[in-house]
Structure formats: structure tokens, C-alpha cells
$ cat query14.txt   # compact mmCIF, C-alpha atoms
# COMPACT_ATOMS: atom_id res chain seq x y z
CA MET C 1 1.66 0.48 0.01
CA ARG C 2 0.17 1.12 -0.45
CA LYS C 3 1.12 2.99 -0.76
CA LEU C 4 2.26 6.67 -0.22
CA GLY C 5 2.34 9.33 -2.92
CA ILE C 6 4.91 8.91 -5.68
CA ALA C 7 6.89 11.50 -7.58
CA ALA C 8 6.41 12.38 -11.21
CA LEU C 9 6.62 9.48 -13.61
CA GLY C 10 7.36 10.74 -17.10
CA ALA C 11 5.10 8.00 -18.47
CA ALA C 12 5.07 4.25 -18.19
CA ALA C 13 5.73 4.14 -21.90
CA ALA C 14 8.97 6.02 -21.34
CA LEU C 15 10.42 2.92 -19.74
CA THR C 16 11.42 1.25 -22.99
CA LEU C 17 12.91 -2.05 -22.03
CA ALA C 18 12.08 -4.05 -25.11
CA GLY C 19 14.77 -6.62 -25.59
CA CYS C 20 16.53 -5.69 -22.37
CA ALA C 21 16.11 -9.06 -20.66
CA THR C 22 19.37 -10.53 -19.49
CA THR C 23 21.19 -12.42 -22.20
CA GLY C 24 24.06 -14.85 -21.96
CA SER C 25 26.63 -12.13 -22.65
CA ASP C 26 25.12 -9.92 -19.93
CA VAL C 27 25.23 -12.53 -17.17
CA ALA C 28 28.20 -12.11 -14.84
CA SER C 29 29.86 -14.95 -12.96
CA ASP C 30 27.99 -15.87 -9.79
CA GLU C 31 31.26 -16.46 -7.97
CA GLY C 32 31.70 -13.72 -5.38
CA ALA C 33 28.54 -12.00 -6.63
CA GLU C 34 26.73 -9.17 -4.87
CA ILE C 35 22.93 -9.24 -5.00
CA ARG C 36 21.30 -5.84 -4.48
CA VAL C 37 17.77 -5.75 -3.08
CA TRP C 38 15.72 -2.56 -3.01
CA LEU C 39 13.23 -2.52 -0.14
CA VAL C 40 11.06 0.54 0.29
CA GLY C 41 10.40 2.38 3.50
CA THR C 42 10.68 0.82 6.94
CA ASP C 43 7.78 -1.65 6.79
CA THR C 44 10.04 -4.71 6.43
CA PRO C 45 11.23 -5.45 10.00
CA ASP C 46 14.94 -5.65 10.80
CA ALA C 47 14.48 -9.31 11.79
CA ALA C 48 13.27 -10.13 8.27
CA ARG C 49 16.12 -8.20 6.67
CA ASP C 50 18.67 -9.99 8.82
CA TYR C 51 17.12 -13.36 8.02
CA LEU C 52 17.32 -12.67 4.28
CA VAL C 53 20.97 -11.59 4.36
CA GLU C 54 22.15 -14.35 6.68
CA THR C 55 20.25 -17.16 4.95
CA PHE C 56 21.30 -16.10 1.46
CA GLU C 57 24.97 -15.78 2.42
CA GLU C 58 24.94 -19.14 4.22
CA GLU C 59 23.48 -20.80 1.13
CA HIS C 60 25.90 -19.01 -1.22
CA PRO C 61 29.35 -18.82 0.40
CA GLY C 62 31.45 -16.06 -1.12
CA SER C 63 28.45 -14.10 -2.39
CA THR C 64 26.80 -11.24 -0.55
CA LEU C 65 23.33 -9.73 -0.41
CA VAL C 66 22.96 -6.01 0.21
CA ILE C 67 19.64 -4.34 1.10
CA GLU C 68 19.35 -0.77 -0.18
CA GLU C 69 16.44 1.01 1.47
CA GLN C 70 14.49 3.38 -0.77
CA SER C 71 11.84 5.96 0.05
CA TRP C 72 8.36 5.88 -1.44
CA ASP C 73 8.69 9.49 -2.49
CA GLY C 74 10.07 9.50 -6.04
CA LEU C 75 10.33 5.69 -6.19
CA VAL C 76 8.79 5.22 -9.64
CA ASP C 77 11.12 7.81 -11.13
CA ARG C 78 14.18 6.09 -9.63
CA LEU C 79 12.99 2.66 -10.75
CA THR C 80 12.34 3.93 -14.26
CA THR C 81 15.95 5.06 -14.47
CA SER C 82 17.60 2.21 -12.59
CA LEU C 83 15.78 -0.74 -14.17
CA SER C 84 16.63 0.46 -17.67
CA GLY C 85 20.27 1.31 -16.90
CA SER C 86 23.50 -0.63 -16.67
CA ASP C 87 23.59 -0.57 -12.86
CA SER C 88 20.21 -2.07 -12.10
CA PRO C 89 19.45 -3.58 -8.67
CA ASP C 90 18.68 -7.30 -8.85
CA ILE C 91 15.43 -7.39 -6.86
CA VAL C 92 13.03 -4.51 -6.31
CA GLU C 93 9.95 -3.83 -4.22
CA VAL C 94 7.15 -1.80 -5.80
CA GLY C 95 3.78 -0.70 -4.48
CA ASN C 96 0.98 -2.94 -5.76
CA THR C 97 -0.58 -0.02 -7.67
CA GLN C 98 2.76 0.67 -9.38
CA ALA C 99 3.48 -2.90 -10.49
CA ALA C 100 1.58 -2.79 -13.79
CA ALA C 101 3.71 0.11 -15.05
CA PHE C 102 6.78 -2.12 -14.89
CA THR C 103 5.38 -5.55 -15.74
CA SER C 104 3.84 -4.12 -18.91
CA ALA C 105 7.13 -2.44 -19.89
CA GLY C 106 9.30 -5.54 -19.60
CA ALA C 107 11.22 -4.29 -16.58
CA PHE C 108 10.98 -7.60 -14.69
CA LEU C 109 12.04 -11.13 -15.53
CA ASP C 110 9.25 -13.54 -16.46
CA LEU C 111 8.77 -15.81 -13.42
CA THR C 112 5.90 -17.85 -14.84
CA GLU C 113 7.83 -21.14 -14.81
CA HIS C 114 8.78 -20.50 -11.17
CA TYR C 115 5.26 -19.65 -10.01
CA ASP C 116 4.71 -22.91 -8.13
CA GLU C 117 8.09 -22.96 -6.38
CA LEU C 118 7.56 -19.36 -5.25
CA GLY C 119 4.23 -20.23 -3.65
CA GLY C 120 1.79 -20.91 -6.47
CA ASP C 121 -1.87 -20.73 -5.56
CA ASP C 122 -0.96 -20.06 -1.93
CA LEU C 123 0.11 -16.52 -2.93
CA LEU C 124 -2.32 -13.63 -2.35
CA PRO C 125 -4.45 -13.77 -5.52
CA GLY C 126 -5.07 -10.02 -5.87
CA PHE C 127 -1.35 -9.34 -5.70
CA VAL C 128 -0.58 -12.12 -8.17
CA GLU C 129 -2.98 -10.38 -10.53
CA ALA C 130 -1.27 -7.03 -9.90
CA GLY C 131 2.11 -8.61 -10.68
CA SER C 132 1.00 -10.35 -13.87
CA TYR C 133 0.69 -9.04 -17.41
CA ASP C 134 -0.49 -10.59 -20.64
CA GLY C 135 -0.87 -13.99 -19.01
CA LYS C 136 2.64 -14.05 -17.50
CA PHE C 137 3.78 -13.77 -13.88
CA TYR C 138 6.44 -11.12 -13.19
CA ALA C 139 6.15 -9.81 -9.63
CA ALA C 140 5.20 -11.85 -6.58
CA PRO C 141 3.31 -10.54 -3.56
CA LEU C 142 5.58 -9.27 -0.78
CA TYR C 143 3.06 -8.32 1.91
CA SER C 144 -0.34 -6.70 2.29
CA GLY C 145 -2.12 -4.61 4.87
CA SER C 146 -5.66 -3.34 4.76
CA ARG C 147 -6.62 -0.10 6.47
CA LEU C 148 -8.12 -0.33 9.94
CA VAL C 149 -9.61 2.22 12.32
CA PHE C 150 -7.50 2.91 15.41
CA TYR C 151 -9.18 4.76 18.27
CA LYS C 152 -8.80 5.82 21.89
CA LYS C 153 -11.08 3.64 23.97
CA ASP C 154 -11.42 6.22 26.74
CA ALA C 155 -12.50 8.96 24.31
CA LEU C 156 -15.21 6.79 22.78
CA GLU C 157 -16.46 5.77 26.22
CA ALA C 158 -16.43 9.34 27.58
CA ALA C 159 -18.57 10.48 24.65
CA GLY C 160 -21.07 7.67 25.27
CA LEU C 161 -20.26 6.05 21.94
CA SER C 162 -19.56 2.47 20.89
CA VAL C 163 -17.81 0.85 17.94
CA PRO C 164 -19.99 1.75 14.91
CA GLY C 165 -22.01 -0.83 13.02
CA ASP C 166 -22.14 0.94 9.66
CA LEU C 167 -20.48 3.76 7.74
CA ASP C 168 -23.07 6.41 8.63
CA GLU C 169 -22.60 5.66 12.33
CA TYR C 170 -18.81 5.85 11.90
CA ILE C 171 -19.14 9.33 10.40
CA ALA C 172 -21.57 10.41 13.13
CA ASN C 173 -19.19 9.12 15.81
CA GLY C 174 -16.34 11.11 14.31
CA GLU C 175 -18.41 14.28 14.32
CA ALA C 176 -19.58 13.66 17.89
CA LEU C 177 -16.02 13.09 19.11
CA ALA C 178 -14.83 16.30 17.47
CA GLU C 179 -17.71 18.28 18.96
CA ALA C 180 -17.13 16.86 22.44
CA ASN C 181 -13.36 17.48 22.25
CA PRO C 182 -12.61 20.94 20.82
CA GLY C 183 -9.20 21.15 19.21
CA LYS C 184 -9.09 17.42 18.50
CA SER C 185 -9.90 15.29 15.45
CA GLY C 186 -12.75 12.83 15.82
CA ILE C 187 -11.34 11.25 12.64
CA TRP C 188 -7.89 12.45 11.56
CA TRP C 189 -7.90 12.88 7.77
CA PRO C 190 -5.35 15.07 5.92
CA GLY C 191 -6.50 16.33 2.53
CA GLN C 192 -4.06 14.40 0.31
CA ASP C 193 -5.04 11.01 1.73
CA TRP C 194 -7.05 9.57 -1.15
CA TYR C 195 -6.60 5.94 -0.09
CA ASN C 196 -9.05 6.40 2.76
CA ALA C 197 -11.61 7.93 0.40
CA LEU C 198 -11.92 4.84 -1.79
CA PRO C 199 -14.18 2.89 0.62
CA TYR C 200 -16.70 5.76 0.61
CA ILE C 201 -16.85 5.62 -3.18
CA TRP C 202 -17.07 1.83 -3.35
CA GLU C 203 -19.59 1.47 -0.50
CA ASN C 204 -21.96 3.85 -2.31
CA GLY C 205 -21.73 1.76 -5.48
CA GLY C 206 -19.26 3.99 -7.30
CA GLU C 207 -15.91 3.32 -8.97
CA VAL C 208 -12.81 5.32 -9.84
CA ALA C 209 -12.56 4.01 -13.41
CA VAL C 210 -13.76 0.90 -15.24
CA PRO C 211 -12.80 -0.70 -18.58
CA ASP C 212 -15.00 0.16 -21.53
CA GLY C 213 -13.83 -1.89 -24.49
CA ASP C 214 -10.22 -0.86 -25.06
CA GLN C 215 -10.75 2.42 -23.22
CA TRP C 216 -11.23 3.44 -19.59
CA ASP C 217 -14.32 5.22 -18.28
CA ALA C 218 -13.59 7.36 -15.21
CA GLN C 219 -16.60 7.41 -12.88
CA LEU C 220 -15.85 9.73 -9.98
CA SER C 221 -18.63 12.04 -11.20
CA SER C 222 -21.31 9.32 -11.23
CA ASP C 223 -24.20 9.77 -8.80
CA GLU C 224 -22.93 6.87 -6.68
CA SER C 225 -19.35 8.13 -6.48
CA VAL C 226 -20.44 11.69 -5.74
CA ALA C 227 -22.54 10.41 -2.83
CA GLY C 228 -19.40 8.86 -1.39
CA LEU C 229 -17.31 11.97 -2.07
CA GLU C 230 -19.86 14.11 -0.26
CA GLN C 231 -19.47 11.85 2.78
CA VAL C 232 -15.71 12.32 2.52
CA GLN C 233 -16.18 16.09 2.56
CA GLN C 234 -18.49 15.77 5.57
CA VAL C 235 -15.80 13.95 7.55
CA MET C 236 -12.98 16.23 6.45
CA THR C 237 -15.03 19.33 7.30
CA ASN C 238 -16.79 18.29 10.51
CA ALA C 239 -14.59 15.66 12.14
CA SER C 240 -10.99 16.36 11.14
CA LEU C 241 -8.56 19.12 12.10
CA ALA C 242 -5.74 17.63 10.01
CA PRO C 243 -4.12 19.98 7.47
CA LYS C 244 -6.37 20.32 4.43
CA ASP C 245 -3.31 20.01 2.18
CA GLY C 246 -1.39 17.53 4.38
CA ASN C 247 -0.42 13.94 3.67
CA GLU C 248 -0.93 10.75 5.65
CA THR C 249 2.60 10.20 6.94
CA ASN C 250 3.28 9.62 10.64
CA PRO C 251 -0.36 9.29 11.79
CA GLN C 252 0.88 8.13 15.20
CA VAL C 253 2.05 11.65 16.08
CA GLY C 254 -1.44 13.06 16.65
CA TYR C 255 -2.61 9.87 18.31
CA CYS C 256 0.27 10.00 20.78
CA ASP C 257 -0.01 13.72 21.56
CA GLY C 258 -3.75 13.33 22.13
CA THR C 259 -5.02 15.50 19.26
CA THR C 260 -6.26 12.49 17.24
CA LEU C 261 -9.00 10.34 18.74
CA GLN C 262 -9.60 8.11 15.70
CA LEU C 263 -7.77 7.50 12.43
CA SER C 264 -7.93 5.06 9.54
CA ALA C 265 -4.52 3.72 8.57
CA PRO C 266 -2.72 0.55 7.38
CA SER C 267 -2.62 -2.27 9.91
CA TRP C 268 1.10 -1.87 10.53
CA VAL C 269 0.52 1.60 12.02
CA LYS C 270 -0.18 -0.22 15.29
CA TRP C 271 3.57 -0.71 15.62
CA SER C 272 4.23 2.97 14.91
CA ILE C 273 1.82 3.94 17.69
CA LEU C 274 3.40 1.48 20.10
CA ALA C 275 7.02 2.22 19.13
CA PRO C 276 9.32 3.06 22.06
CA ALA C 277 9.32 6.68 23.14
CA ASP C 278 13.04 6.88 22.32
CA ALA C 279 12.65 5.47 18.79
CA GLU C 280 13.70 7.58 15.80
CA THR C 281 10.00 8.30 15.27
CA PRO C 282 8.63 7.99 18.80
CA GLY C 283 5.40 6.23 19.62
CA CYS C 284 3.44 5.99 22.86
CA PRO C 285 3.66 2.41 24.15
CA GLU C 286 1.96 3.50 27.36
CA GLU C 287 -1.25 3.80 25.29
CA GLU C 288 -1.37 0.09 24.47
CA ALA C 289 -4.23 -0.71 26.86
CA ASN C 290 -6.20 2.26 25.53
CA LEU C 291 -5.61 1.46 21.84
CA GLY C 292 -8.73 0.08 20.17
CA VAL C 293 -9.05 -1.14 16.60
CA TYR C 294 -11.81 -2.28 14.27
CA ALA C 295 -12.44 -2.77 10.55
CA LEU C 296 -14.05 0.24 8.87
CA PRO C 297 -17.76 -0.65 8.68
CA GLY C 298 -19.58 -0.75 5.38
CA LYS C 299 -22.66 1.18 4.30
CA ASP C 300 -24.91 -1.73 5.19
CA GLY C 301 -22.84 -3.15 8.03
CA GLY C 302 -20.03 -5.66 8.00
CA ALA C 303 -16.56 -4.66 6.84
CA ALA C 304 -16.27 -1.97 4.18
CA GLN C 305 -14.45 -2.44 0.91
CA VAL C 306 -11.07 -0.88 1.65
CA PHE C 307 -7.96 -0.34 -0.40
CA ALA C 308 -5.55 -3.28 -0.16
CA GLY C 309 -2.21 -1.64 0.45
CA GLY C 310 1.01 -3.55 0.13
CA SER C 311 3.82 -4.41 -2.23
CA ASN C 312 4.97 -6.73 -4.98
CA ILE C 313 8.54 -7.80 -5.58
CA GLY C 314 10.26 -8.75 -8.83
CA ILE C 315 13.65 -9.51 -10.39
CA SER C 316 15.07 -6.88 -12.70
CA ALA C 317 15.22 -7.94 -16.34
CA LYS C 318 18.78 -6.57 -16.27
CA SER C 319 19.98 -8.54 -13.25
CA LYS C 320 23.49 -9.86 -13.90
CA HIS C 321 22.81 -12.75 -11.52
CA PRO C 322 19.25 -13.94 -12.25
CA GLU C 323 19.72 -17.39 -10.70
CA LEU C 324 21.02 -15.97 -7.43
CA ALA C 325 18.27 -13.37 -7.48
CA LEU C 326 15.71 -16.15 -7.84
CA ASP C 327 17.23 -17.93 -4.85
CA ALA C 328 16.88 -14.71 -2.83
CA MET C 329 13.25 -14.43 -3.95
CA LYS C 330 12.61 -17.95 -2.65
CA ILE C 331 13.95 -16.89 0.75
CA ILE C 332 11.76 -13.76 0.73
CA LEU C 333 8.71 -15.91 0.04
CA SER C 334 9.69 -18.62 2.50
CA GLU C 335 7.58 -19.47 5.52
CA GLU C 336 10.31 -18.23 7.87
CA PHE C 337 10.68 -14.79 6.26
CA GLN C 338 6.96 -14.25 5.74
CA THR C 339 6.15 -15.31 9.31
CA ILE C 340 8.17 -12.33 10.51
CA TYR C 341 5.82 -10.08 8.54
CA GLY C 342 2.79 -11.73 10.12
CA GLU C 343 4.19 -11.40 13.61
CA ASN C 344 4.68 -7.68 12.96
CA GLY C 345 1.13 -7.00 11.79
CA LEU C 346 1.61 -7.21 8.01
CA VAL C 347 -0.41 -9.72 6.00
CA PRO C 348 2.04 -12.35 4.66
CA ALA C 349 2.28 -13.09 0.95
CA LYS C 350 0.89 -16.58 1.48
CA LEU C 351 -2.68 -17.42 2.44
CA SER C 352 -1.55 -20.35 4.59
CA LEU C 353 0.34 -17.99 6.92
CA ALA C 354 -2.66 -15.87 7.89
CA ASP C 355 -2.58 -17.34 11.39
CA THR C 356 0.83 -15.76 12.01
CA LEU C 357 -1.03 -12.49 12.54
CA GLY C 358 -2.26 -13.90 15.86
CA THR C 359 -5.71 -13.74 17.37
CA ASP C 360 -5.74 -10.32 19.03
CA GLU C 361 -8.02 -7.39 18.18
CA VAL C 362 -5.77 -6.20 15.35
CA ALA C 363 -5.54 -9.65 13.79
CA GLN C 364 -9.32 -10.01 13.84
CA ALA C 365 -9.77 -6.57 12.27
CA ILE C 366 -7.20 -7.38 9.57
CA ALA C 367 -9.02 -10.60 8.73
CA ALA C 368 -12.35 -8.77 8.48
CA ALA C 369 -10.94 -5.98 6.32
CA ALA C 370 -8.87 -8.24 4.06
CA GLY C 371 -11.97 -10.16 3.01
CA ASN C 372 -13.40 -7.08 1.27
CA ALA C 373 -10.19 -5.37 0.14
CA LYS C 374 -9.96 -3.97 -3.41
CA LEU C 375 -7.28 -2.57 -5.68
CA THR C 376 -7.07 0.49 -7.92
CA PRO C 377 -7.90 0.22 -11.67
CA ALA C 378 -5.72 -2.44 -13.30
CA SER C 379 -4.28 -0.23 -16.02
CA PRO C 380 -0.56 -0.14 -16.86
CA LYS C 381 -0.94 3.64 -16.84
CA TRP C 382 -2.45 3.87 -13.36
CA ALA C 383 0.97 4.76 -11.92
CA ASP C 384 0.89 7.83 -14.19
CA VAL C 385 -2.42 8.88 -12.61
CA GLU C 386 -0.88 8.62 -9.16
CA ALA C 387 2.26 10.42 -10.23
CA ALA C 388 0.24 13.29 -11.68
CA GLY C 389 -1.30 13.89 -8.25
CA ILE C 390 -4.84 13.97 -9.63
CA LEU C 391 -6.44 12.26 -6.64
CA GLN C 392 -4.33 14.12 -4.10
CA ASP C 393 -5.36 17.43 -5.67
CA LEU C 394 -9.01 16.36 -5.82
CA PHE C 395 -9.24 15.56 -2.13
CA VAL C 396 -7.33 18.64 -1.02
CA LYS C 397 -9.95 20.72 -2.85
CA ILE C 398 -12.76 18.62 -1.37
CA ALA C 399 -11.27 19.13 2.10
CA GLN C 400 -11.18 22.87 1.42
CA GLY C 401 -14.94 22.84 0.73
CA GLY C 402 -14.98 22.83 -3.08
CA ASP C 403 -17.94 21.82 -5.26
CA VAL C 404 -17.80 18.01 -5.24
CA GLN C 405 -19.60 17.42 -8.54
CA ALA C 406 -17.51 19.92 -10.48
CA LEU C 407 -14.27 18.68 -8.96
CA ALA C 408 -15.17 15.06 -9.74
CA GLU C 409 -15.95 15.88 -13.37
CA GLU C 410 -12.61 17.67 -13.70
CA ALA C 411 -10.76 14.70 -12.15
CA ASP C 412 -12.56 12.22 -14.44
CA GLN C 413 -11.37 14.09 -17.52
CA LYS C 414 -7.77 14.13 -16.30
CA ILE C 415 -7.85 10.42 -15.44
CA GLU C 416 -9.28 9.48 -18.86
CA ASP C 417 -6.71 11.65 -20.63
CA ILE C 418 -3.95 9.60 -19.01
CA LEU C 419 -5.46 6.12 -19.09
CA ASN C 420 -6.65 6.48 -22.69
CA GLY C 421 -3.72 8.57 -23.94
$ encode --input "query14.txt" --output "C-alpha cells"
Amino acid sequence: MRKLGIAALGAAAALTLAGCATTGSDVASDEGAEIRVWLVGTDTPDAARDYLVETFEEEHPGSTLVIEEQSWDGLVDRLTTSLSGSDSPDIVEVGNTQAAAFTSAGAFLDLTEHYDELGGDDLLPGFVEAGSYDGKFYAAPLYSGSRLVFYKKDALEAAGLSVPGDLDEYIANGEALAEANPGKSGIWWPGQDWYNALPYIWENGGEVAVPDGDQWDAQLSSDESVAGLEQVQQVMTNASLAPKDGNETNPQVGYCDGTTLQLSAPSWVKWSILAPADAETPGCPEEEANLGVYALPGKDGGAAQVFAGGSNIGISAKSKHPELALDAMKIILSEEFQTIYGENGLVPAKLSLADTLGTDEVAQAIAAAAGNAKLTPASPKWADVEAAGILQDLFVKIAQGGDVQALAEEADQKIEDILNG
């Protein structure tokens, strides 16, 4: 997703699965089989989960499908252990930035020959790329969701402001809202939230890291990237009262209690904001008429390049029931299952289902943002960078007022040490 921070990953190379693909002697009888599916977090709606279980069990009498919900925190570590062990789940969800660590290590079954029947060229191309390695297809898209800006219409109007046309105006609006509303965030931005910093880097012409032959060149300290990082510090210092060392979980809390007037978050956060007041994590459905949304504007207008959050899904190379697991994958990528995602504000895995998002303000903002969405560097070791907390640490220090150039140079060295190690 997307996703949220992940716990320490020893190293992608530590997942040694060479030769671990299911062999004839490993395959158990499909009669009375149990298929275990790991879904992460609460993004997949209950209606989709129910559809998967019921449809699979109707199509395979005597067999069962069990969904085991995992948390994003520590996911890579658990997958590293589970996918290489004797009790592996059959199907697993991974964040799109984590996929390369597992596809490159042989953790997933090769689905290349099933590409067309799983959706083929109708699948989200960026996520197909994230789930492929060395010319083979291992992990299909599950869903996507670009970050959008959610705001309180009455606060913007009271301050005499309108939806911004470019990134500079967005920053200025955030500062003006904070100044006009003491004790409130004009743009809520906790220090660890590095996903929201990427557009500032990209819109100023910078990059996190780019390939250079068989090495990676980290570029956070380039003039272009530093210009974006300085804008990040401006927002964090002048517009946000979020904890300087906090993370981006539960952004609806501040919105609902009135201390957050604007925030940038994945599209599905709309449903967190509008969740019933008696939900496990309460929302504020009474705010629906006051909830505005737009795509983060770019430096020169239009939609900014934002991080494309979301997940891939693959079949464990150690699944004892690979054929049944493939049947379950077909259900997950079916029009019926994916439509449930669209109707709940998540971008479906298939391009042809984009209209399931509807035509409201959120759907229009998603469409605008998705057209310019980007991914993190496509290195099998990128998950190690995330696990090391390099970017989280960088932006906490930026939020605390540190020297941007020096911090960026330090982060570049750490990123190159991992990617080129």
C-alpha cells in the first residue's frame, strides 16, 4: 500500500528459495483441501472476502478457503519466514514496493502461462511490472489507490481560499489555513510519512534513485530533489501540527475531531472518514457534505506525480495445492470480485473496470491522480531500504528542522549501500 512501514527485513537475499517450487512429491491431494489466503490490513471489504470464500467453496465442494488477515507492520519478515517454510500460505498479498523482493527470490510460482486468463493486458501495467522478474510474471495486481487531498469545504471557504491550481498554491493554502486556525493543521503531515514527500521530489525534477549500469545512483541530494525536500520541510514546519516523529495511520481521527483541515492520503481513506461513529475505528459520516477532495496539483498545474499505492498478489512456490490456488486467484481477479473494490473506492486490478469507481468527486480525483502515478525504484532490494527505515528517519529529521542538504546526502549513501550491496 502502499503501503505502510514494514518491519526489519534481514535482506531479500536471505530468502533462499532456490529449488523450492512445488514438486510432484510435495503436492497434496486436492480432495478436502484447505486454501489459505493472506490478505493484509482491512482494505479488502468484507463483501469481497465473502464473495471469494463462497464462490471458491461452491466451485470446489469439500474444499475450504480460509482468509488469514495480516498486519502491514512486520509483514515482510513474516513472509520471509512463512514462504520458505513447510507451512506456507497458498496465496499472499504484498505491497507493490515489496513484490520485487519475493519475485526475485523465487518465493512465488511462475504465472506467465496464465497471464492471459488472469487478465492479460487488461491488468494495471505498472503493477504487472512490479510483479514480474527476469521476463516472467509472478504476482498479479490486486488493487491500487493513488493519494488524494481531502479537505473541509467550510474551512477553505472561511479562509477565502479555493482548490489550488498548482503545488505552490497548495502549500500556500496549507500555511494560510494553519495561520487562520490556531491549533489546527492546514495540511496534516506526520514526520514518518515519506510517501507524501515523493510528489515534491518528482515535481521538481528529482528522483529517489535511478539505475546506472548495474548499480543504483541515489539522487535525493541532487539540486532538483533538494528543492522538493525544502518544500516538504516548509509544509511540515508551517502547515502541520502532526507529531514530527508520527506515522500516517488513522488520518481520519484528526479530520473528524476538527484538528485537521486538509490531508493527503490514499483514496480509500474516504471510507475511513465516513465510517459509522460506532465502528471499531470511528469516522464522522455527518461530515460527508463537507468532505471535499481533489488530486494533488503539480508544480506546473494538472495532477502531480504521486506514489501509486496498492498491492500485488501471488501464489506461494510452496503451495501444496497450486491448481486450487490458481482457481482462487481467478476469482480474486474476476469482474465480480474486483467490482467490489471499485465500489469501495479502490482502483480495481483491471483497466476495464475503472468505471466501477463511479463518477463522483472522489472518482474524478482518482482518475486524475492515477494518470500520473509512479512507483518506487524497481530494485529487488528496495524492500530492504524500506525495512531499514531510511526514508522514515530522513523525513522525521526534516520535520524537526534539520539541514536538508546534509540529511539528503546521508540518506543517499545509506540507500546506495543497500541497493548496491
$ closest_residue --input "query14.txt" --among "C:Glu288, C:Asp30, C:Asp245, C:Asp43" --to "Gly345 (chain C)" --atoms "all atoms listed in the file"
C:Asp43
$ closest_atom_pairs --input "query14.txt" --of "region 105-223 of chain C" --to "region 368-372 of chain C" --cutoff "12 Å" --atoms "all atoms listed in the file" --output "JSON lines"
{"residue": "C:Leu124", "atom": "CA", "partner": "C:Ala370", "partner_atom": "CA", "distance": 10.6}
{"residue": "C:Pro125", "atom": "CA", "partner": "C:Ala370", "partner_atom": "CA", "distance": 11.9}
{"residue": "C:Gly126", "atom": "CA", "partner": "C:Ala370", "partner_atom": "CA", "distance": 10.8}
{"residue": "C:Ser144", "atom": "CA", "partner": "C:Ala370", "partner_atom": "CA", "distance": 8.8}
{"residue": "C:Gly145", "atom": "CA", "partner": "C:Ala370", "partner_atom": "CA", "distance": 7.7}
{"residue": "C:Ser146", "atom": "CA", "partner": "C:Ala370", "partner_atom": "CA", "distance": 5.9}
{"residue": "C:Arg147", "atom": "CA", "partner": "C:Ala369", "partner_atom": "CA", "distance": 7.3}
{"residue": "C:Leu148", "atom": "CA", "partner": "C:Ala369", "partner_atom": "CA", "distance": 7.3}
{"residue": "C:Val149", "atom": "CA", "partner": "C:Ala369", "partner_atom": "CA", "distance": 10.2}
{"residue": "C:Pro199", "atom": "CA", "partner": "C:Asn372", "partner_atom": "CA", "distance": 10.0}
{"residue": "C:Trp202", "atom": "CA", "partner": "C:Asn372", "partner_atom": "CA", "distance": 10.7}
{"residue": "C:Glu203", "atom": "CA", "partner": "C:Asn372", "partner_atom": "CA", "distance": 10.7}
$ closest_residue --input "query14.txt" --among "C:Ile273, C:Val208, C:Ala317, C:Val347" --to "Thr44 (chain C)" --atoms "all atoms listed in the file"
C:Val347
$ residues_near_point --input "query14.txt" --point "(-11.9, 3.1, -27.2)" --cutoff "12 Å" --atoms "only C-alpha atoms" --output "mmCIF file with C-alpha atoms, keeping the file's coordinate frame"
data_model
loop_
_atom_site.group_PDB
_atom_site.id
_atom_site.type_symbol
_atom_site.label_atom_id
_atom_site.label_comp_id
_atom_site.auth_asym_id
_atom_site.auth_seq_id
_atom_site.Cartn_x
_atom_site.Cartn_y
_atom_site.Cartn_z
ATOM 1 C CA PRO C 211 -12.800 -0.700 -18.580
ATOM 2 C CA ASP C 212 -15.000 0.160 -21.530
ATOM 3 C CA GLY C 213 -13.830 -1.890 -24.490
ATOM 4 C CA ASP C 214 -10.220 -0.860 -25.060
ATOM 5 C CA GLN C 215 -10.750 2.420 -23.220
ATOM 6 C CA TRP C 216 -11.230 3.440 -19.590
ATOM 7 C CA ASP C 217 -14.320 5.220 -18.280
ATOM 8 C CA GLU C 416 -9.280 9.480 -18.860
ATOM 9 C CA ASP C 417 -6.710 11.650 -20.630
ATOM 10 C CA LEU C 419 -5.460 6.120 -19.090
ATOM 11 C CA ASN C 420 -6.650 6.480 -22.690
ATOM 12 C CA GLY C 421 -3.720 8.570 -23.940
#
$ atom_distance --input "query14.txt" --atom1 "CA of Asn181 (chain C)" --atom2 "CA of Ser272 (chain C)"
24.0 Å
$ axis_aligned_box --input "query14.txt" --around "region 287-295 of chain C" --padding-each-side "5 Å" --output "lines of an AutoDock Vina configuration file"
center_x = -6.8
center_y = 0.5
center_z = 18.7
size_x = 21.2
size_y = 16.6
size_z = 26.3
$ closest_residue --input "query14.txt" --among "C:Lys414, C:Lys318, C:Glu224, C:Leu391" --to "Asp87 (chain C)" --atoms "only C-alpha atoms"
C:Lys318
$ closest_residue --input "query14.txt" --among "C:Gly205, C:Gly298, C:Gly160, C:Pro190" --to "Asn250 (chain C)" --atoms "all atoms listed in the file"
C:Pro190
$ closest_residue --input "query14.txt" --among "C:Ser132, C:Gln305, C:Ser264, C:Gln392" --to "Asn196 (chain C)" --atoms "all atoms listed in the file"
C:Ser264
$ closest_residue --input "query14.txt" --among "C:Val163, C:Ile415, C:Leu79, C:Ala197" --to "Val226 (chain C)" --atoms "all atoms listed in the file"
C:Ala197
